[in-house]
file entry_18.cif (mmCIF, C-alpha atoms)
data_structure
loop_
_atom_site.label_atom_id
_atom_site.label_comp_id
_atom_site.auth_asym_id
_atom_site.auth_seq_id
_atom_site.Cartn_x
_atom_site.Cartn_y
_atom_site.Cartn_z
CA MET C 1 0.00 0.00 0.00
CA ASP C 2 1.82 3.07 -1.25
CA PRO C 3 0.61 6.66 -0.79
CA LYS C 4 -1.48 6.48 -3.97
CA LEU C 5 -3.52 3.65 -2.50
CA LEU C 6 -3.80 5.64 0.71
CA TYR C 7 -5.25 8.60 -1.17
CA PHE C 8 -7.59 6.25 -2.98
CA ALA C 9 -8.80 4.95 0.38
CA CYS C 10 -9.38 8.50 1.58
CA VAL C 11 -11.39 9.33 -1.55
CA LEU C 12 -13.48 6.20 -0.98
CA GLY C 13 -14.02 7.20 2.64
CA ALA C 14 -15.09 10.69 1.62
CA ALA C 15 -17.55 9.21 -0.88
CA ALA C 16 -18.88 6.89 1.81
CA VAL C 17 -19.49 9.68 4.30
CA TYR C 18 -21.01 11.86 1.56
CA LEU C 19 -23.44 9.10 0.58
CA ALA C 20 -24.30 8.46 4.20
CA LEU C 21 -25.01 12.16 4.71
CA ARG C 22 -27.51 12.52 1.86
CA PRO C 23 -31.06 13.09 3.10
CA GLY C 24 -33.75 10.60 2.26
CA LYS C 25 -33.11 7.41 0.23
CA ARG C 26 -32.36 4.83 2.84
CA GLY C 27 -30.65 2.53 0.38
CA VAL C 28 -28.05 5.14 -0.61
CA ARG C 29 -27.17 5.79 3.02
CA ILE C 30 -26.79 2.09 3.80
CA ALA C 31 -24.59 1.64 0.73
CA GLY C 32 -22.44 4.54 1.90
CA SER C 33 -22.09 3.06 5.38
CA LEU C 34 -21.06 -0.33 4.02
CA LEU C 35 -18.52 1.30 1.68
CA GLY C 36 -17.06 3.21 4.61
CA LEU C 37 -16.76 0.13 6.81
CA GLY C 38 -15.01 -1.69 3.98
CA VAL C 39 -12.51 1.16 3.57
CA ILE C 40 -11.73 1.24 7.30
CA ALA C 41 -11.23 -2.51 7.47
CA TRP C 42 -8.97 -2.42 4.43
CA MET C 43 -6.85 0.40 5.86
CA LEU C 44 -6.47 -1.35 9.20
CA LEU C 45 -5.48 -4.62 7.58
CA ALA C 46 -3.08 -2.99 5.16
CA THR C 47 -1.10 -1.14 7.84
CA PRO C 48 1.44 -3.84 8.82
CA GLN C 49 2.31 -4.54 5.21
CA LEU C 50 2.90 -0.86 4.64
CA LEU C 51 5.08 -0.65 7.72
CA SER C 52 7.17 -3.61 6.59
CA VAL C 53 7.53 -2.02 3.15
CA MET C 54 8.82 1.16 4.73
CA GLY C 55 11.24 -0.76 6.91
CA GLY C 56 9.57 0.15 10.16
CA LYS C 57 8.81 -2.22 12.96
CA PRO C 58 5.59 -2.47 14.95
CA ALA C 59 6.05 0.27 17.46
CA LEU C 60 4.19 -0.83 20.57
CA ALA C 61 5.85 -3.14 23.02
CA GLU C 62 4.45 -6.65 23.04
CA GLY C 63 1.36 -6.51 25.20
CA ALA C 64 -1.27 -9.08 26.01
CA ALA C 65 -1.75 -11.97 23.64
CA ARG C 66 -3.42 -10.93 20.38
CA PRO C 67 -4.95 -7.55 21.11
CA GLY C 68 -5.55 -7.25 17.38
CA LEU C 69 -9.09 -8.54 17.17
CA MET C 70 -10.19 -6.48 20.14
CA PHE C 71 -8.58 -3.44 18.59
CA ALA C 72 -10.30 -4.06 15.26
CA ALA C 73 -13.67 -4.51 16.96
CA PHE C 74 -13.39 -1.40 19.13
CA SER C 75 -12.09 0.85 16.38
CA LEU C 76 -14.69 -0.32 13.87
CA ILE C 77 -17.45 0.30 16.40
CA ALA C 78 -16.03 3.71 17.27
CA ILE C 79 -15.73 4.90 13.67
CA ALA C 80 -19.06 3.45 12.56
CA ALA C 81 -20.83 5.01 15.54
CA ALA C 82 -19.13 8.35 14.84
CA VAL C 83 -20.36 8.30 11.24
CA ARG C 84 -23.82 7.36 12.39
CA MET C 85 -23.66 10.17 14.93
CA ILE C 86 -23.09 12.85 12.32
CA THR C 87 -25.61 11.35 9.90
CA HIS C 88 -28.55 10.61 12.17
CA ASP C 89 -31.58 12.85 11.83
CA ARG C 90 -32.55 12.86 15.47
CA PRO C 91 -30.32 14.64 17.99
CA VAL C 92 -31.13 12.21 20.80
CA TYR C 93 -29.92 9.27 18.75
CA SER C 94 -26.81 11.22 17.79
CA ALA C 95 -26.00 11.70 21.46
CA LEU C 96 -26.56 8.01 22.13
CA TYR C 97 -24.23 7.09 19.27
CA PHE C 98 -21.66 9.39 20.80
CA VAL C 99 -21.99 7.38 24.03
CA LEU C 100 -21.14 4.34 21.92
CA VAL C 101 -18.04 6.12 20.58
CA VAL C 102 -17.00 6.94 24.14
CA LEU C 103 -17.49 3.39 25.34
CA SER C 104 -15.51 1.88 22.49
CA SER C 105 -12.68 4.35 22.92
CA ALA C 106 -12.66 3.40 26.60
CA GLY C 107 -12.11 -0.12 25.31
CA LEU C 108 -9.18 1.15 23.23
CA PHE C 109 -7.77 2.80 26.36
CA LEU C 110 -7.97 -0.51 28.18
CA LEU C 111 -6.03 -2.12 25.35
CA LEU C 112 -3.43 0.62 25.79
CA GLN C 113 -3.20 -0.25 29.50
CA ALA C 114 -4.61 3.10 30.58
CA GLU C 115 -7.19 1.70 32.98
CA PHE C 116 -7.73 4.84 34.98
CA MET C 117 -8.39 6.96 31.91
CA ALA C 118 -10.80 4.36 30.53
CA PHE C 119 -12.97 4.49 33.61
CA ALA C 120 -12.65 8.24 34.01
CA LEU C 121 -13.78 8.57 30.41
CA VAL C 122 -16.87 6.45 30.98
CA ILE C 123 -17.73 8.24 34.21
CA VAL C 124 -17.07 11.80 33.10
CA TYR C 125 -18.03 11.64 29.42
CA ALA C 126 -20.76 9.04 29.20
CA GLY C 127 -22.00 9.67 32.72
CA ALA C 128 -21.88 13.42 33.15
CA ILE C 129 -21.30 15.36 29.94
CA LEU C 130 -23.57 13.30 27.73
CA ILE C 131 -26.37 13.38 30.28
CA THR C 132 -26.16 17.18 30.23
CA TYR C 133 -26.36 17.07 26.44
CA MET C 134 -29.38 14.79 26.60
CA PHE C 135 -31.11 17.15 29.01
CA VAL C 136 -30.54 20.14 26.75
CA ILE C 137 -31.60 18.22 23.64
CA MET C 138 -34.83 17.19 25.28
CA LEU C 139 -35.35 20.67 26.72
CA ALA C 140 -34.92 22.29 23.32
CA GLN C 141 -36.88 19.70 21.36
CA GLN C 142 -39.60 21.13 19.21
CA ALA C 143 -42.91 19.35 19.39
CA PRO C 144 -43.29 17.23 16.25
CA SER C 145 -45.91 18.69 13.96
CA THR C 146 -48.70 16.38 12.96
CA ASP C 147 -48.83 17.33 9.28
CA HIS C 148 -45.14 16.58 8.80
CA THR C 149 -44.59 12.94 7.91
CA VAL C 150 -41.20 12.80 9.57
CA GLY C 151 -40.95 14.20 13.05
CA GLU C 152 -37.53 15.81 12.63
CA ALA C 153 -36.89 19.48 12.09
CA GLU C 154 -35.90 20.60 8.60
CA TYR C 155 -32.45 21.72 9.73
CA ASP C 156 -31.72 18.28 11.14
CA VAL C 157 -32.59 16.48 7.92
CA ASN C 158 -30.78 18.62 5.34
CA PRO C 159 -27.01 18.85 5.75
CA ARG C 160 -25.14 22.00 4.79
CA GLU C 161 -22.66 21.57 1.90
CA PRO C 162 -21.81 17.89 2.51
CA GLY C 163 -19.65 17.66 -0.61
CA ILE C 164 -17.25 20.47 0.28
CA ALA C 165 -17.08 19.39 3.92
CA CYS C 166 -16.25 15.79 3.01
CA GLY C 167 -13.63 16.98 0.55
CA VAL C 168 -11.91 19.23 3.07
CA GLY C 169 -12.14 16.67 5.86
CA PHE C 170 -10.73 13.78 3.92
CA ILE C 171 -7.91 15.80 2.40
CA LEU C 172 -6.97 16.43 6.02
CA LEU C 173 -7.30 12.71 6.73
CA ALA C 174 -5.04 11.88 3.79
CA VAL C 175 -2.37 14.26 5.08
CA LEU C 176 -2.69 13.02 8.66
CA SER C 177 -2.53 9.33 7.79
CA ASN C 178 0.34 9.89 5.39
CA MET C 179 2.22 11.53 8.24
CA ALA C 180 1.29 8.69 10.58
CA TYR C 181 2.55 6.07 8.13
CA GLY C 182 5.73 7.91 7.29
CA GLY C 183 6.64 9.49 10.60
CA VAL C 184 6.01 6.80 13.17
CA PRO C 185 8.77 4.34 12.16
CA GLN C 186 11.31 7.11 12.74
CA LEU C 187 10.19 7.71 16.31
CA LYS C 188 12.44 6.42 19.04
CA THR C 189 10.94 3.28 20.54
CA ALA C 190 10.46 3.25 24.27
CA ASP C 191 13.22 2.05 26.56
CA VAL C 192 11.44 -0.47 28.77
CA PRO C 193 14.12 -0.83 31.52
CA ALA C 194 14.43 2.95 31.78
CA ALA C 195 10.68 3.28 32.13
CA GLN C 196 10.66 0.63 34.86
CA ARG C 197 13.48 2.39 36.67
CA GLN C 198 11.53 5.60 36.50
CA ALA C 199 8.42 3.90 37.87
CA TRP C 200 10.38 2.52 40.84
CA GLN C 201 11.89 5.94 41.47
CA ALA C 202 8.42 7.45 41.43
CA MET C 203 7.28 4.87 43.95
CA ASN C 204 9.79 6.27 46.46
CA LEU C 205 7.58 9.33 46.76
CA MET C 206 4.70 7.22 48.06
CA SER C 207 6.12 6.04 51.38
CA ARG C 208 2.91 4.48 52.66
CA ASP C 209 2.60 2.32 49.55
CA VAL C 210 6.21 1.24 49.93
CA GLU C 211 5.55 0.21 53.55
CA GLU C 212 2.48 -1.76 52.54
CA MET C 213 4.38 -3.49 49.76
CA VAL C 214 7.22 -4.46 52.09
CA ALA C 215 4.80 -5.77 54.71
CA ASP C 216 3.09 -7.75 51.99
CA LEU C 217 6.30 -9.29 50.66
CA MET C 218 7.94 -10.02 54.02
CA PRO C 219 5.54 -10.07 56.97
CA GLY C 220 6.83 -8.26 60.02
CA ALA C 221 9.38 -6.22 58.10
CA LYS C 222 9.65 -2.47 57.71
CA PRO C 223 11.78 -0.35 55.41
CA ALA C 224 15.00 0.63 57.14
CA ALA C 225 15.37 4.25 58.19
CA GLY C 226 15.97 6.37 55.12
CA ALA C 227 15.88 3.40 52.78
CA THR C 228 14.69 3.96 49.22
CA ILE C 229 13.98 1.62 46.36
CA GLU C 230 17.12 1.10 44.31
CA SER C 231 16.79 -0.22 40.82
CA ALA C 232 19.65 -2.21 39.41
CA PRO C 233 19.87 -3.98 36.04
CA GLY C 234 18.87 -7.24 37.73
CA GLY C 235 15.73 -5.81 39.32
CA ALA C 236 14.75 -3.49 42.15
CA PHE C 237 15.77 -3.82 45.79
CA ILE C 238 14.92 -2.17 49.06
CA THR C 239 16.72 -2.38 52.38
CA VAL C 240 14.38 -3.60 55.11
CA ARG C 241 14.72 -4.49 58.77
CA ARG C 242 12.73 -7.30 60.29
CA GLU C 243 11.16 -6.97 63.70
CA GLY C 244 13.49 -8.07 66.50
CA GLU C 245 16.55 -8.27 64.26
CA ALA C 246 19.54 -5.97 64.48
CA PHE C 247 20.67 -6.23 60.85
CA ASP C 248 19.20 -5.06 57.56
CA THR C 249 18.04 -7.34 54.80
CA ARG C 250 17.99 -6.64 51.10
CA LEU C 251 14.56 -7.41 49.75
CA PRO C 252 14.18 -7.94 46.00
CA LEU C 253 11.01 -6.46 44.52
CA PRO C 254 9.16 -8.47 41.86
CA PRO C 255 8.09 -6.61 38.71
CA GLU C 256 4.41 -7.23 39.38
CA LYS C 257 4.73 -4.87 42.35
CA LEU C 258 5.41 -1.97 40.00
CA PRO C 259 3.08 0.95 40.70
CA SER C 260 -0.29 0.54 39.03
CA ASN C 261 -1.64 2.83 36.35
CA VAL C 262 -3.75 4.76 38.86
CA GLN C 263 -0.76 5.33 41.13
CA GLN C 264 1.41 6.45 38.24
CA VAL C 265 -1.16 8.83 36.78
CA GLY C 266 -2.00 10.30 40.18
CA LEU C 267 1.62 10.81 41.11
CA ASP C 268 2.44 12.31 37.74
CA LEU C 269 -0.52 14.65 38.03
CA VAL C 270 0.36 16.06 41.42
CA ALA C 271 4.15 15.87 41.13
CA LYS C 272 4.73 17.18 37.61
CA PHE C 273 1.70 19.37 36.91
CA PRO C 274 0.54 20.94 40.19
CA VAL C 275 -0.08 24.38 38.68
CA SER C 276 -2.04 22.92 35.77
CA LEU C 277 -4.16 21.02 38.25
CA GLU C 278 -4.99 24.23 40.11
CA LEU C 279 -5.71 25.98 36.81
CA ALA C 280 -8.04 23.16 35.79
CA GLY C 281 -9.96 23.72 39.01
CA VAL C 282 -10.19 27.45 38.28
CA ILE C 283 -11.41 26.72 34.74
CA LEU C 284 -14.13 24.44 36.07
CA LEU C 285 -15.19 27.03 38.64
CA MET C 286 -15.35 29.76 36.01
CA ALA C 287 -17.34 27.48 33.69
CA MET C 288 -19.80 26.87 36.51
CA PHE C 289 -20.19 30.59 37.16
CA GLY C 290 -20.55 31.26 33.46
CA ALA C 291 -23.19 28.59 33.02
CA VAL C 292 -25.17 29.89 36.00
CA VAL C 293 -25.01 33.47 34.77
CA LEU C 294 -25.90 32.51 31.18
CA ALA C 295 -28.77 30.19 31.99
CA ARG C 296 -30.38 32.47 34.54
CA LYS C 297 -33.79 33.69 33.50
CA GLN C 298 -33.79 37.42 32.92
CA ILE C 299 -36.82 39.00 34.56
CA GLU C 300 -37.84 42.53 33.77
CA LEU C 301 -38.39 44.26 37.09
CA GLY C 302 -40.59 47.29 37.50
CA GLU C 303 -39.43 50.33 39.43
CA ASP C 304 -41.33 49.24 42.57
CA GLU C 305 -39.83 45.74 42.63
CA ILE C 306 -36.32 47.11 42.21
CA ARG C 307 -36.84 49.49 45.12
CA GLU C 308 -38.31 46.71 47.24
CA ALA C 309 -35.41 44.36 46.45
CA ALA C 310 -33.05 47.12 47.50
CA GLY C 311 -34.92 47.49 50.79
CA MET C 312 -36.27 50.95 50.00
CA ARG C 313 -39.76 52.31 50.32
CA LYS C 314 -42.13 51.82 47.44
CA LEU C 315 -43.12 54.76 45.31
CA GLY C 316 -46.47 53.85 43.73
CA PHE C 317 -50.10 54.24 44.78
CA HIS C 318 -50.10 51.17 46.99
CA ALA C 319 -47.21 52.26 49.11
CA GLU C 320 -49.26 52.87 52.25
CA GLU C 321 -51.19 49.61 51.92
CA SER C 322 -48.10 47.48 51.60
CA ALA C 323 -46.44 49.29 54.46
CA GLU C 324 -49.43 48.42 56.66
CA ALA C 325 -49.37 44.82 55.49
CA ARG C 326 -45.68 44.57 56.28
CA ALA C 327 -46.23 46.00 59.79
CA SER C 328 -49.09 43.60 60.56
CA ALA C 329 -47.33 40.51 59.22
CA PRO C 330 -45.71 38.38 61.94
CA GLY C 331 -42.08 39.23 62.33
CA GLY C 332 -42.35 42.03 59.85
CA ALA C 333 -41.46 44.86 62.24
CA ARG C 334 -39.02 47.36 60.77
CA MET H 1 -6.62 -11.50 8.60
CA ILE H 2 -5.67 -12.42 12.15
CA GLU H 3 -2.10 -12.58 10.88
CA ALA H 4 -2.31 -8.97 9.72
CA LEU H 5 -3.75 -7.76 12.99
CA SER H 6 -1.39 -9.57 15.32
CA HIS H 7 0.89 -6.55 15.60
CA ILE H 8 -1.02 -3.47 16.62
CA SER H 9 1.28 -0.52 16.24
CA LEU H 10 1.07 3.12 17.14
CA THR H 11 0.08 3.81 13.53
CA HIS H 12 -3.17 1.91 13.95
CA TYR H 13 -4.19 4.04 16.88
CA LEU H 14 -3.16 7.24 15.14
CA ILE H 15 -5.21 6.29 12.07
CA VAL H 16 -8.29 5.62 14.22
CA SER H 17 -7.72 8.90 16.00
CA ALA H 18 -7.33 10.81 12.75
CA ALA H 19 -10.46 9.20 11.31
CA LEU H 20 -12.52 10.12 14.37
CA PHE H 21 -11.16 13.67 14.27
CA VAL H 22 -12.03 14.08 10.60
CA ILE H 23 -15.51 12.65 11.10
CA GLY H 24 -16.03 15.15 13.90
CA LEU H 25 -14.77 17.97 11.67
CA VAL H 26 -17.07 16.97 8.82
CA GLY H 27 -19.95 16.74 11.24
CA PHE H 28 -19.23 20.18 12.61
CA LEU H 29 -19.22 21.65 9.11
CA VAL H 30 -22.23 19.75 7.87
CA ARG H 31 -24.77 19.73 10.65
CA ARG H 32 -26.96 22.73 11.27
CA ASN H 33 -28.25 21.80 14.70
CA MET H 34 -26.19 23.72 17.25
CA ILE H 35 -26.24 20.93 19.84
CA ILE H 36 -24.93 18.41 17.32
CA MET H 37 -22.22 20.84 16.28
CA PHE H 38 -20.95 20.98 19.85
CA LEU H 39 -21.28 17.21 20.14
CA CYS H 40 -18.95 17.00 17.13
CA THR H 41 -16.37 19.12 18.95
CA GLU H 42 -16.56 16.58 21.79
CA LEU H 43 -15.85 13.89 19.20
CA MET H 44 -12.72 15.78 18.15
CA PHE H 45 -11.63 15.99 21.80
CA GLN H 46 -12.12 12.24 22.00
CA ALA H 47 -9.88 11.69 18.98
CA ALA H 48 -7.16 13.83 20.55
CA ALA H 49 -7.44 11.84 23.77
CA ILE H 50 -6.96 8.55 21.90
CA ALA H 51 -3.85 9.91 20.18
CA MET H 52 -2.43 11.11 23.51
CA VAL H 53 -2.99 7.81 25.29
CA ALA H 54 -1.47 5.93 22.34
CA PHE H 55 1.62 8.14 22.43
CA SER H 56 1.82 7.71 26.19
CA ARG H 57 1.80 3.93 25.81
CA PHE H 58 4.29 4.12 22.98
CA SER H 59 6.83 6.10 24.99
CA LEU H 60 5.93 4.44 28.32
CA ASP H 61 5.36 7.81 29.94
CA VAL H 62 2.14 8.51 31.83
CA SER H 63 2.23 12.27 31.18
CA GLY H 64 0.10 11.70 28.09
CA GLN H 65 -2.62 10.22 30.24
CA VAL H 66 -2.39 13.17 32.62
CA PHE H 67 -3.06 15.44 29.65
CA VAL H 68 -6.20 13.45 28.91
CA ILE H 69 -7.41 14.48 32.37
CA PHE H 70 -6.97 18.10 31.32
CA ILE H 71 -8.79 17.37 28.05
CA LEU H 72 -11.69 16.02 30.09
CA THR H 73 -11.64 19.18 32.21
CA VAL H 74 -11.74 21.46 29.20
CA ALA H 75 -14.44 19.34 27.57
CA ALA H 76 -16.59 19.53 30.69
CA ALA H 77 -16.15 23.28 30.99
CA GLU H 78 -16.87 23.75 27.30
CA ALA H 79 -19.99 21.58 27.51
CA ALA H 80 -21.33 23.56 30.47
CA LEU H 81 -20.78 26.94 28.81
CA ALA H 82 -21.86 25.88 25.32
CA LEU H 83 -25.05 24.29 26.55
CA GLY H 84 -25.83 27.36 28.64
CA LEU H 85 -25.37 29.51 25.54
CA ILE H 86 -27.49 27.18 23.43
CA VAL H 87 -30.33 27.29 25.95
CA LEU H 88 -30.11 31.07 25.90
CA LEU H 89 -30.16 31.23 22.09
CA TYR H 90 -33.02 28.74 21.94
CA ARG H 91 -35.09 30.94 24.22
CA ARG H 92 -34.59 33.91 21.90
CA ARG H 93 -35.43 32.28 18.55
CA GLU H 94 -37.23 29.02 19.46
CA THR H 95 -35.01 27.08 17.06
CA LEU H 96 -31.70 25.23 17.23
CA ASN H 97 -30.83 26.03 13.64
CA SER H 98 -27.46 27.73 13.54
CA GLU H 99 -28.50 29.64 10.41
CA ALA H 100 -31.08 31.53 12.43
CA TRP H 101 -28.10 33.48 13.74
CA SER H 102 -26.38 33.98 10.41
CA GLU H 103 -26.64 37.77 10.60
CA MET H 104 -23.88 37.60 13.22
CA ARG H 105 -21.39 36.67 10.53
CA GLU H 106 -19.12 39.06 8.74
CA SER H 107 -20.48 40.89 5.63
#
call {"tool": "encode", "arguments": {"input": "entry_18.cif", "output": "structure tokens"}}
result
Amino acid sequence: MDPKLLYFACVLGAAAVYLALRPGKRGVRIAGSLLGLGVIAWMLLATPQLLSVMGGKPALAEGAARPGLMFAAFSLIAIAAAVRMITHDRPVYSALYFVLVVLSSAGLFLLLQAEFMAFALVIVYAGAILITYMFVIMLAQQAPSTDHTVGEAEYDVNPREPGIACGVGFILLAVLSNMAYGGVPQLKTADVPAAQRQAWQAMNLMSRDVEEMVADLMPGAKPAAGATIESAPGGAFITVRREGEAFDTRLPLPPEKLPSNVQQVGLDLVAKFPVSLELAGVILLMAMFGAVVLARKQIELGEDEIREAAGMRKLGFHAEESAEARASAPGGAR
Amino acid sequence: MIEALSHISLTHYLIVSAALFVIGLVGFLVRRNMIIMFLCTELMFQAAAIAMVAFSRFSLDVSGQVFVIFILTVAAAEAALALGLIVLLYRRRETLNSEAWSEMRES
């Protein structure tokens, strides 16, 4: 698969999305969807051959046995659901298809051994953001008119300039995927021992976890005073002292005791990016204020109401009456 | 087929990410419903997150995953503000069509 074939695949993909976007004619849309799925499958299957042609090696370290089928399933579901999301007439269904995209990309994250991000994605995106979208979609839904055969609004059915948009989008895809094919084999592959060393070093910052790990590996032992995890080419060690003994012992640490993904992400977040974390909190706070201010209902107040809200006397004809009412009301003494 | 998929490389993930990004871009340009347009921007965020996690796995460095946390933050803030704006605009014109506001454009 040389670049010409890649461009051909992008043209086919653009045609597929264009066909799937056309209003009406169910058959045309289904044909477009099938064409698109075929293109994606072909591109995915053709990648290793292309890499071997270009002299590159598969870049990821060897992970679990045969993640390929899971990857193919998740990515096909994600891309198909994304296409369906932008082509569906009804906004509620679009949002539900986006939930499907989020779930399948959480699956991709699991394949990439980013467990924490996978679950955070499901909780934050599918659980919080999409529910907000659903609320607004249902809040802003127009009542379907009875004389209209289809219940959807006109602006949901007719796309705006699908041809130009598909052209622009898939030219971008051609450039991006060309870069991905050509640029990735030149990237430096990861140094696994160095990464492990770094992970052990990071673990030193979590003293309670180190104590727990030592107690787990050698019951009744505690890390010696000032002892840190030392990583050597043969593995990692820590100096420990057992209860009731006067000498220190060197305890080898098995690789399965490496810090988990959650520990690594959490430590990285607070150790490397503390200011960004604070800024993220400020951004969220400002977004909350902004949303409250924007969504507040604006009520036109008359002169009397404004004066009353400010705690001043009313001006109008009923000023005396309301003053009497306020005086007679329980607890209304001023 | 299984033979071809036995080595999943960074390129695969980048291609999926690029495809999702482009689909989101096309959707943003094509759809006229304001809510769907913002949903498409969320799709583009998603694509960026996939690329970041793939790079993080590739270089065995968790900083990429930390950046996904910030992406989630920005996406949540953007959703809150955008939906507030959309509710406001819907109250004014009683429609979600973005072309109802086309007089705001230049010329």
call {"tool": "interface_residues", "arguments": {"input": "entry_18.cif", "of": "chain H", "to": "chain C", "cutoff": "6 Å", "atoms": "only C-alpha atoms", "output": "list in words"}}
result
Ala4, Leu5, Ser6, Ile8, Ser9, Leu10, Thr11, Ile15, Val22, Val26, Gly27, Val30, Arg31, Arg32, Phe58, Ser59, Val62, Val66, Ala77, Ala80, Leu81 and Gly84 of chain H
call {"tool": "atom_distance", "arguments": {"input": "entry_18.cif", "atom1": "atom CA of Cys40 of chain H", "atom2": "atom CA of Glu115 of chain C"}}
result
25.0 Å
call {"tool": "resolve_selection", "arguments": {"input": "entry_18.cif", "expression": "the PyMOL selection byres ((chain H and resi 85-97) around 6)", "output": "list in words"}}
result
Arg32, Asn33, Met34, Ala82, Leu83, Gly84, Ser98, Glu99 and Ala100 of chain H
call {"tool": "atom_distance", "arguments": {"input": "entry_18.cif", "atom1": "atom CA of Ala51 of chain H", "atom2": "atom CA of Arg29 of chain C"}}
result
29.2 Å
call {"tool": "atom_distance", "arguments": {"input": "entry_18.cif", "atom1": "atom CA of Ala246 of chain C", "atom2": "atom CA of Ile229 of chain C"}}
result
20.4 Å
call {"tool": "closest_residue", "arguments": {"input": "entry_18.cif", "among": "C:Phe119, C:Leu258, C:Leu217, C:Leu103", "to": "Ala236 of chain C", "atoms": "all atoms listed in the file"}}
result
C:Leu258
call {"tool": "closest_residue", "arguments": {"input": "entry_18.cif", "among": "H:Thr73, H:Leu14, H:Met104, H:Phe21", "to": "Gln46 of chain H", "atoms": "only C-alpha atoms"}}
result
H:Phe21
call {"tool": "residues_around", "arguments": {"input": "entry_18.cif", "residues": "Ala48 of chain H", "least_positions_apart": "3", "cutoff": "12 Å", "atoms": "only C-alpha atoms", "output": "PyMOL selection string"}}
result
(chain C and resi 105) or (chain H and resi 13-22+24+41-45+51-55+64-65+67-72+75)
call {"tool": "write_last_selection", "arguments": {"input": "entry_18.cif", "atoms": "C-alpha atoms", "output": "CSV table (one decimal), keeping the file's coordinate frame"}}
result
chain,number,residue,atom,x,y,z
C,105,SER,CA,-12.7,4.4,22.9
H,13,TYR,CA,-4.2,4.0,16.9
H,14,LEU,CA,-3.2,7.2,15.1
H,15,ILE,CA,-5.2,6.3,12.1
H,16,VAL,CA,-8.3,5.6,14.2
H,17,SER,CA,-7.7,8.9,16.0
H,18,ALA,CA,-7.3,10.8,12.8
H,19,ALA,CA,-10.5,9.2,11.3
H,20,LEU,CA,-12.5,10.1,14.4
H,21,PHE,CA,-11.2,13.7,14.3
H,22,VAL,CA,-12.0,14.1,10.6
H,24,GLY,CA,-16.0,15.2,13.9
H,41,THR,CA,-16.4,19.1,19.0
H,42,GLU,CA,-16.6,16.6,21.8
H,43,LEU,CA,-15.8,13.9,19.2
H,44,MET,CA,-12.7,15.8,18.2
H,45,PHE,CA,-11.6,16.0,21.8
H,51,ALA,CA,-3.8,9.9,20.2
H,52,MET,CA,-2.4,11.1,23.5
H,53,VAL,CA,-3.0,7.8,25.3
H,54,ALA,CA,-1.5,5.9,22.3
H,55,PHE,CA,1.6,8.1,22.4
H,64,GLY,CA,0.1,11.7,28.1
H,65,GLN,CA,-2.6,10.2,30.2
H,67,PHE,CA,-3.1,15.4,29.6
H,68,VAL,CA,-6.2,13.4,28.9
H,69,ILE,CA,-7.4,14.5,32.4
H,70,PHE,CA,-7.0,18.1,31.3
H,71,ILE,CA,-8.8,17.4,28.0
H,72,LEU,CA,-11.7,16.0,30.1
H,75,ALA,CA,-14.4,19.3,27.6
call {"tool": "residues_around", "arguments": {"input": "entry_18.cif", "residues": "Met206 of chain C", "least_positions_apart": "3", "cutoff": "10 Å", "atoms": "all atoms listed in the file", "output": "ChimeraX atom specification"}}
result
/C:201-203,209-211,259,263,267
call {"tool": "decode", "arguments": {"input": "entry_18.cif", "residues": "segment 205-214 of chain C", "atoms": "N, CA and C atoms", "output": "PDB file, in the first residue's frame"}}
result
ATOM      1  N   LEU C 205       8.311   8.179  46.237  1.00  0.00           N
ATOM      2  CA  LEU C 205       7.577   9.334  46.758  1.00  0.00           C
ATOM      3  C   LEU C 205       6.326   8.922  47.519  1.00  0.00           C
ATOM      4  N   MET C 206       5.914   7.677  47.380  1.00  0.00           N
ATOM      5  CA  MET C 206       4.696   7.218  48.063  1.00  0.00           C
ATOM      6  C   MET C 206       5.111   6.286  49.190  1.00  0.00           C
ATOM      7  N   SER C 207       5.498   6.858  50.333  1.00  0.00           N
ATOM      8  CA  SER C 207       6.118   6.041  51.383  1.00  0.00           C
ATOM      9  C   SER C 207       5.127   5.039  51.974  1.00  0.00           C
ATOM     10  N   ARG C 208       3.859   5.412  52.044  1.00  0.00           N
ATOM     11  CA  ARG C 208       2.913   4.479  52.658  1.00  0.00           C
ATOM     12  C   ARG C 208       2.746   3.236  51.782  1.00  0.00           C
ATOM     13  N   ASP C 209       2.724   3.460  50.461  1.00  0.00           N
ATOM     14  CA  ASP C 209       2.599   2.317  49.552  1.00  0.00           C
ATOM     15  C   ASP C 209       3.821   1.420  49.642  1.00  0.00           C
ATOM     16  N   VAL C 210       4.994   2.042  49.807  1.00  0.00           N
ATOM     17  CA  VAL C 210       6.212   1.240  49.930  1.00  0.00           C
ATOM     18  C   VAL C 210       6.127   0.373  51.189  1.00  0.00           C
ATOM     19  N   GLU C 211       5.670   0.984  52.312  1.00  0.00           N
ATOM     20  CA  GLU C 211       5.548   0.208  53.549  1.00  0.00           C
ATOM     21  C   GLU C 211       4.590  -0.961  53.381  1.00  0.00           C
ATOM     22  N   GLU C 212       3.458  -0.692  52.749  1.00  0.00           N
ATOM     23  CA  GLU C 212       2.476  -1.758  52.541  1.00  0.00           C
ATOM     24  C   GLU C 212       3.070  -2.878  51.697  1.00  0.00           C
ATOM     25  N   MET C 213       3.810  -2.480  50.649  1.00  0.00           N
ATOM     26  CA  MET C 213       4.377  -3.492  49.756  1.00  0.00           C
ATOM     27  C   MET C 213       5.386  -4.360  50.503  1.00  0.00           C
ATOM     28  N   VAL C 214       6.215  -3.699  51.341  1.00  0.00           N
ATOM     29  CA  VAL C 214       7.216  -4.459  52.088  1.00  0.00           C
ATOM     30  C   VAL C 214       6.536  -5.408  53.063  1.00  0.00           C
TER      31      VAL C 214
END
